[in-house]
$ cat input.csv   # CSV, C-alpha atoms
chain,number,residue,atom,x,y,z
C,1,MET,CA,-6.4,-88.4,-52.8
C,2,ARG,CA,-7.3,-86.5,-55.9
C,3,THR,CA,-6.3,-83.2,-54.3
C,4,SER,CA,-2.9,-84.4,-53.2
C,5,LEU,CA,-2.0,-85.6,-56.7
C,6,THR,CA,-3.2,-82.4,-58.4
C,7,LEU,CA,-0.5,-80.1,-56.9
C,8,PRO,CA,2.5,-82.2,-57.8
C,9,LEU,CA,1.1,-82.8,-61.3
C,10,SER,CA,0.4,-79.0,-61.7
C,11,VAL,CA,4.0,-78.2,-60.7
C,12,ALA,CA,5.3,-80.8,-63.1
C,13,ALA,CA,3.2,-79.5,-65.9
C,14,LEU,CA,4.2,-75.9,-65.2
C,15,ALA,CA,7.9,-76.9,-65.2
C,16,ALA,CA,7.5,-78.7,-68.5
C,17,VAL,CA,5.8,-75.7,-70.1
C,18,LEU,CA,8.3,-73.3,-68.7
C,19,GLY,CA,11.2,-75.5,-69.7
C,20,GLY,CA,9.9,-75.8,-73.2
C,21,CYS,CA,9.4,-72.1,-73.6
C,22,ALA,CA,12.7,-71.2,-72.1
C,23,ALA,CA,14.6,-72.0,-75.3
C,24,ASP,CA,12.3,-69.7,-77.2
C,25,VAL,CA,12.8,-66.7,-74.9
C,26,ALA,CA,15.9,-64.5,-75.2
C,27,PRO,CA,17.7,-63.8,-71.9
C,28,ASN,CA,16.9,-60.5,-70.3
C,29,PRO,CA,20.1,-58.5,-70.4
C,30,ALA,CA,18.9,-56.3,-67.6
C,31,ALA,CA,18.7,-59.3,-65.3
C,32,VAL,CA,22.4,-60.1,-65.7
C,33,ALA,CA,24.9,-58.0,-63.8
C,34,VAL,CA,27.3,-56.7,-66.4
C,35,ARG,CA,30.4,-54.7,-65.3
C,36,THR,CA,30.5,-51.6,-67.4
C,37,ASP,CA,33.5,-49.9,-65.8
C,38,THR,CA,36.6,-49.8,-67.9
C,39,GLN,CA,39.4,-51.7,-66.2
C,40,PRO,CA,41.9,-49.3,-64.5
C,41,SER,CA,44.8,-48.3,-66.8
C,42,ALA,CA,48.4,-47.9,-65.7
C,43,GLN,CA,47.6,-44.2,-65.5
C,44,ASP,CA,44.7,-44.9,-63.1
C,45,ARG,CA,46.7,-47.3,-61.0
C,46,GLU,CA,49.7,-44.9,-60.7
C,47,TRP,CA,47.5,-42.0,-59.7
C,48,MET,CA,45.7,-44.0,-57.1
C,49,LYS,CA,49.0,-45.1,-55.5
C,50,THR,CA,50.5,-41.6,-55.7
C,51,ILE,CA,47.5,-39.8,-54.3
C,52,HIS,CA,47.2,-42.4,-51.5
C,53,GLN,CA,50.8,-41.9,-50.4
C,54,GLY,CA,50.2,-38.1,-50.5
C,55,ASN,CA,47.1,-38.5,-48.3
C,56,LEU,CA,49.1,-40.5,-45.8
C,57,SER,CA,51.9,-38.0,-45.7
C,58,GLU,CA,49.7,-34.9,-45.5
C,59,VAL,CA,47.7,-36.4,-42.6
C,60,GLN,CA,51.0,-36.8,-40.7
C,61,ALA,CA,52.2,-33.3,-41.7
C,62,GLY,CA,48.8,-31.8,-40.8
C,63,ARG,CA,48.9,-33.4,-37.4
C,64,LEU,CA,52.4,-31.9,-36.8
C,65,ALA,CA,51.0,-28.5,-37.8
C,66,MET,CA,48.1,-28.8,-35.4
C,67,GLY,CA,50.6,-29.4,-32.6
C,68,LYS,CA,53.6,-27.4,-33.6
C,69,GLY,CA,52.2,-24.5,-35.6
C,70,THR,CA,52.8,-21.1,-34.0
C,71,THR,CA,49.8,-19.3,-35.7
C,72,LYS,CA,46.1,-20.0,-35.8
C,73,GLN,CA,46.3,-20.1,-39.6
C,74,VAL,CA,48.9,-22.9,-39.6
C,75,LYS,CA,47.1,-24.9,-37.0
C,76,SER,CA,43.8,-24.4,-38.9
C,77,VAL,CA,45.4,-25.5,-42.3
C,78,GLY,CA,46.9,-28.5,-40.5
C,79,LYS,CA,43.5,-29.5,-39.2
C,80,MET,CA,41.9,-29.1,-42.7
C,81,LEU,CA,44.6,-31.3,-44.2
C,82,VAL,CA,44.1,-34.0,-41.6
C,83,GLU,CA,40.3,-34.0,-42.0
C,84,ASP,CA,40.2,-33.7,-45.8
C,85,HIS,CA,43.0,-36.1,-46.6
C,86,THR,CA,41.6,-38.7,-44.2
C,87,LYS,CA,38.2,-38.5,-46.0
C,88,LEU,CA,39.9,-38.7,-49.4
C,89,GLY,CA,42.1,-41.5,-48.2
C,90,THR,CA,39.0,-43.5,-47.3
C,91,LYS,CA,37.5,-43.0,-50.7
C,92,VAL,CA,40.7,-43.9,-52.5
C,93,THR,CA,41.1,-47.0,-50.4
C,94,GLN,CA,37.5,-48.1,-51.0
C,95,ALA,CA,37.8,-47.6,-54.7
C,96,ALA,CA,41.1,-49.4,-54.9
C,97,ALA,CA,39.6,-52.4,-53.1
C,98,GLN,CA,36.7,-52.5,-55.5
C,99,LEU,CA,39.0,-52.2,-58.5
C,100,GLY,CA,41.6,-54.6,-57.3
C,101,ILE,CA,44.4,-52.0,-57.0
C,102,GLU,CA,46.9,-52.7,-54.3
C,103,LEU,CA,48.0,-49.5,-52.5
C,104,PRO,CA,51.2,-48.7,-50.6
C,105,THR,CA,50.9,-48.8,-46.8
C,106,SER,CA,53.1,-45.8,-46.1
C,107,PRO,CA,54.2,-42.5,-47.7
C,108,SER,CA,57.1,-42.6,-50.1
C,109,LYS,CA,60.7,-42.5,-48.8
C,110,ALA,CA,60.9,-38.7,-49.7
C,111,GLN,CA,57.6,-38.0,-48.0
C,112,ARG,CA,58.7,-39.9,-44.8
C,113,ALA,CA,62.0,-37.9,-44.8
C,114,GLU,CA,60.1,-34.6,-45.1
C,115,VAL,CA,57.8,-35.5,-42.2
C,116,ALA,CA,60.8,-36.5,-40.1
C,117,ARG,CA,62.5,-33.2,-41.0
C,118,LEU,CA,59.4,-31.3,-39.9
C,119,GLN,CA,59.4,-33.1,-36.6
C,120,GLU,CA,62.8,-31.6,-35.8
C,121,VAL,CA,61.9,-28.0,-36.8
C,122,THR,CA,60.3,-25.6,-34.3
C,123,GLY,CA,58.7,-22.2,-34.1
C,124,GLU,CA,58.4,-19.9,-37.1
C,125,ASP,CA,60.9,-22.1,-39.0
C,126,PHE,CA,58.4,-24.9,-38.7
C,127,ASP,CA,55.5,-22.8,-40.0
C,128,GLN,CA,57.6,-21.6,-43.0
C,129,ASP,CA,58.9,-25.1,-43.8
C,130,PHE,CA,55.5,-26.7,-43.3
C,131,LEU,CA,53.7,-24.2,-45.6
C,132,SER,CA,56.4,-24.2,-48.3
C,133,GLY,CA,56.6,-28.0,-48.3
C,134,MET,CA,52.8,-28.4,-48.4
C,135,ILE,CA,52.5,-25.9,-51.2
C,136,LYS,CA,55.0,-27.8,-53.3
C,137,ALA,CA,53.3,-31.1,-52.5
C,138,HIS,CA,49.9,-29.8,-53.4
C,139,LYS,CA,51.1,-28.3,-56.7
C,140,GLU,CA,52.5,-31.7,-57.6
C,141,ALA,CA,49.4,-33.6,-56.5
C,142,LEU,CA,47.2,-31.1,-58.4
C,143,ALA,CA,49.2,-31.6,-61.6
C,144,ALA,CA,49.0,-35.4,-61.3
C,145,THR,CA,45.3,-35.2,-60.6
C,146,LYS,CA,44.6,-32.9,-63.6
C,147,THR,CA,46.5,-35.5,-65.7
C,148,GLU,CA,44.3,-38.3,-64.3
C,149,VAL,CA,41.1,-36.3,-65.0
C,150,SER,CA,42.1,-35.8,-68.7
C,151,LYS,CA,43.9,-39.0,-69.4
C,152,GLY,CA,42.5,-41.6,-67.0
C,153,ALA,CA,40.5,-44.6,-68.4
C,154,ASN,CA,38.4,-45.8,-65.5
C,155,PRO,CA,35.3,-43.7,-64.8
C,156,THR,CA,35.4,-44.4,-61.0
C,157,VAL,CA,39.0,-43.3,-60.7
C,158,LYS,CA,38.4,-40.2,-62.9
C,159,ALA,CA,35.4,-39.1,-60.8
C,160,LEU,CA,37.5,-39.5,-57.7
C,161,ALA,CA,40.2,-37.4,-59.3
C,162,GLY,CA,37.7,-34.7,-60.1
C,163,THR,CA,36.6,-34.6,-56.5
C,164,ALA,CA,40.3,-34.6,-55.3
C,165,GLN,CA,41.1,-31.8,-57.7
C,166,GLN,CA,38.6,-29.4,-56.1
C,167,SER,CA,39.9,-30.3,-52.6
C,168,LEU,CA,43.6,-30.0,-53.6
C,169,GLN,CA,42.9,-26.5,-55.1
C,170,GLN,CA,41.2,-25.4,-52.0
C,171,HIS,CA,44.1,-26.6,-49.9
C,172,LEU,CA,46.7,-24.9,-52.2
C,173,ASN,CA,44.7,-21.6,-51.9
C,174,ALA,CA,44.6,-21.9,-48.1
C,175,LEU,CA,48.3,-22.7,-47.8
C,176,LYS,CA,49.2,-19.8,-50.0
C,177,LYS,CA,47.0,-17.5,-47.9
C,178,ALA,CA,48.6,-18.7,-44.7
C,179,GLN,CA,52.1,-18.2,-46.1
C,180,ALA,CA,51.2,-14.7,-47.1
C,181,GLY,CA,50.2,-14.1,-43.5

$ encode --input "input.csv" --output "structure tokens"
Amino acid sequence: MRTSLTLPLSVAALAAVLGGCAADVAPNPAAVAVRTDTQPSAQDREWMKTIHQGNLSEVQAGRLAMGKGTTKQVKSVGKMLVEDHTKLGTKVTQAAAQLGIELPTSPSKAQRAEVARLQEVTGEDFDQDFLSGMIKAHKEALAATKTEVSKGANPTVKALAGTAQQSLQQHLNALKKAQAG
């Protein structure tokens, strides 16, 4: 009988001691999960939305180039755009979900019109229109991304923009090379 009472009494005594000491001990800040990210600014949110729509549009245009391009270069650039913008799109979508940013579900009206126009063009005209359109789109996306890198507030979004900037510059270089023949 003595053993069976010892355990509950020990537990009660330990609880009393710990409870009494708890008021004297400062909380451990490392034990509390504190969010250190700066909340996304309007700049961060706008860049995320813009780059997401660009990703969606360029995946569509890249698929068209893979199927309709008349040169290996155009087909290759199209494939690169599909692969890279799909990956970037996944990263942007994940970051947006973590940060509570709602993204558009489709390209902008102008982007949709450009893809529809490309669907109607064939042959060398397609190649030229695709390349010139993608060069313009990549210049615009690169400018917006550089602004995000320099003026964005949220570290996660800024880091994502830094990664995107490298990829967009590579795409722009490849597009210009393909256009030069």

$ atom_distance --input "input.csv" --atom1 "atom CA of His171 of chain C" --atom2 "atom CA of Ile135 of chain C"
8.5 Å

$ atom_distance --input "input.csv" --atom1 "atom CA of Lys176 of chain C" --atom2 "atom CA of Ser132 of chain C"
8.6 Å

$ closest_residue --input "input.csv" --among "C:Asp129, C:Asp44, C:Glu120, C:Asp84" --to "Leu99 of chain C" --atoms "all atoms listed in the file"
C:Asp44

$ atom_distance --input "input.csv" --atom1 "atom CA of Pro104 of chain C" --atom2 "atom CA of Leu56 of chain C"
9.7 Å

$ closest_residue --input "input.csv" --among "C:Thr145, C:Glu124, C:Arg112, C:Glu83" --to "Lys49 of chain C" --atoms "all atoms listed in the file"
C:Thr145

$ residues_around --input "input.csv" --residues "Ile101 of chain C" --least-positions-apart "4" --cutoff "8 Å" --atoms "only C-alpha atoms" --output "short mmCIF file (atom, residue, chain, number, x, y, z; two decimals) with C-alpha atoms, keeping the file's coordinate frame"
data_model
loop_
_atom_site.label_atom_id
_atom_site.label_comp_id
_atom_site.auth_asym_id
_atom_site.auth_seq_id
_atom_site.Cartn_x
_atom_site.Cartn_y
_atom_site.Cartn_z
CA ARG C 45 46.70 -47.30 -61.00
CA ALA C 96 41.10 -49.40 -54.90
CA ALA C 97 39.60 -52.40 -53.10
#

$ residues_around --input "input.csv" --residues "Gln165 of chain C" --least-positions-apart "6" --cutoff "12 Å" --atoms "all atoms listed in the file" --output "JSON, numbers by chain"
{"C": [51, 88, 138, 139, 140, 141, 142, 143, 144, 145, 146, 147, 148, 149, 150, 158, 159, 171, 172]}

$ residues_near_point --input "input.csv" --point "(40.9, -26.0, -47.4)" --cutoff "12 Å" --atoms "all atoms listed in the file" --output "ChimeraX atom specification"
/C:62,73-74,76-85,138,164-178

$ closest_residue --input "input.csv" --among "C:Ala42, C:Ala61, C:Leu160, C:Leu131" --to "Lys87 of chain C" --atoms "only C-alpha atoms"
C:Leu160

$ closest_residue --input "input.csv" --among "C:Gln43, C:Gln179, C:Asn154, C:Thr122" --to "Gly69 of chain C" --atoms "all atoms listed in the file"
C:Thr122

$ closest_residue --input "input.csv" --among "C:Gly181, C:Gly133, C:Lys91, C:Asp125" --to "Ala113 of chain C" --atoms "only C-alpha atoms"
C:Gly133

$ closest_residue --input "input.csv" --among "C:Ser41, C:Gln119, C:Thr163, C:Thr86" --to "Gly100 of chain C" --atoms "only C-alpha atoms"
C:Ser41

$ residues_around --input "input.csv" --residues "His52 of chain C" --least-positions-apart "4" --cutoff "7 Å" --atoms "all atoms listed in the file" --output "list in words"
Met48, Leu56, Gly89 and Val92 of chain C
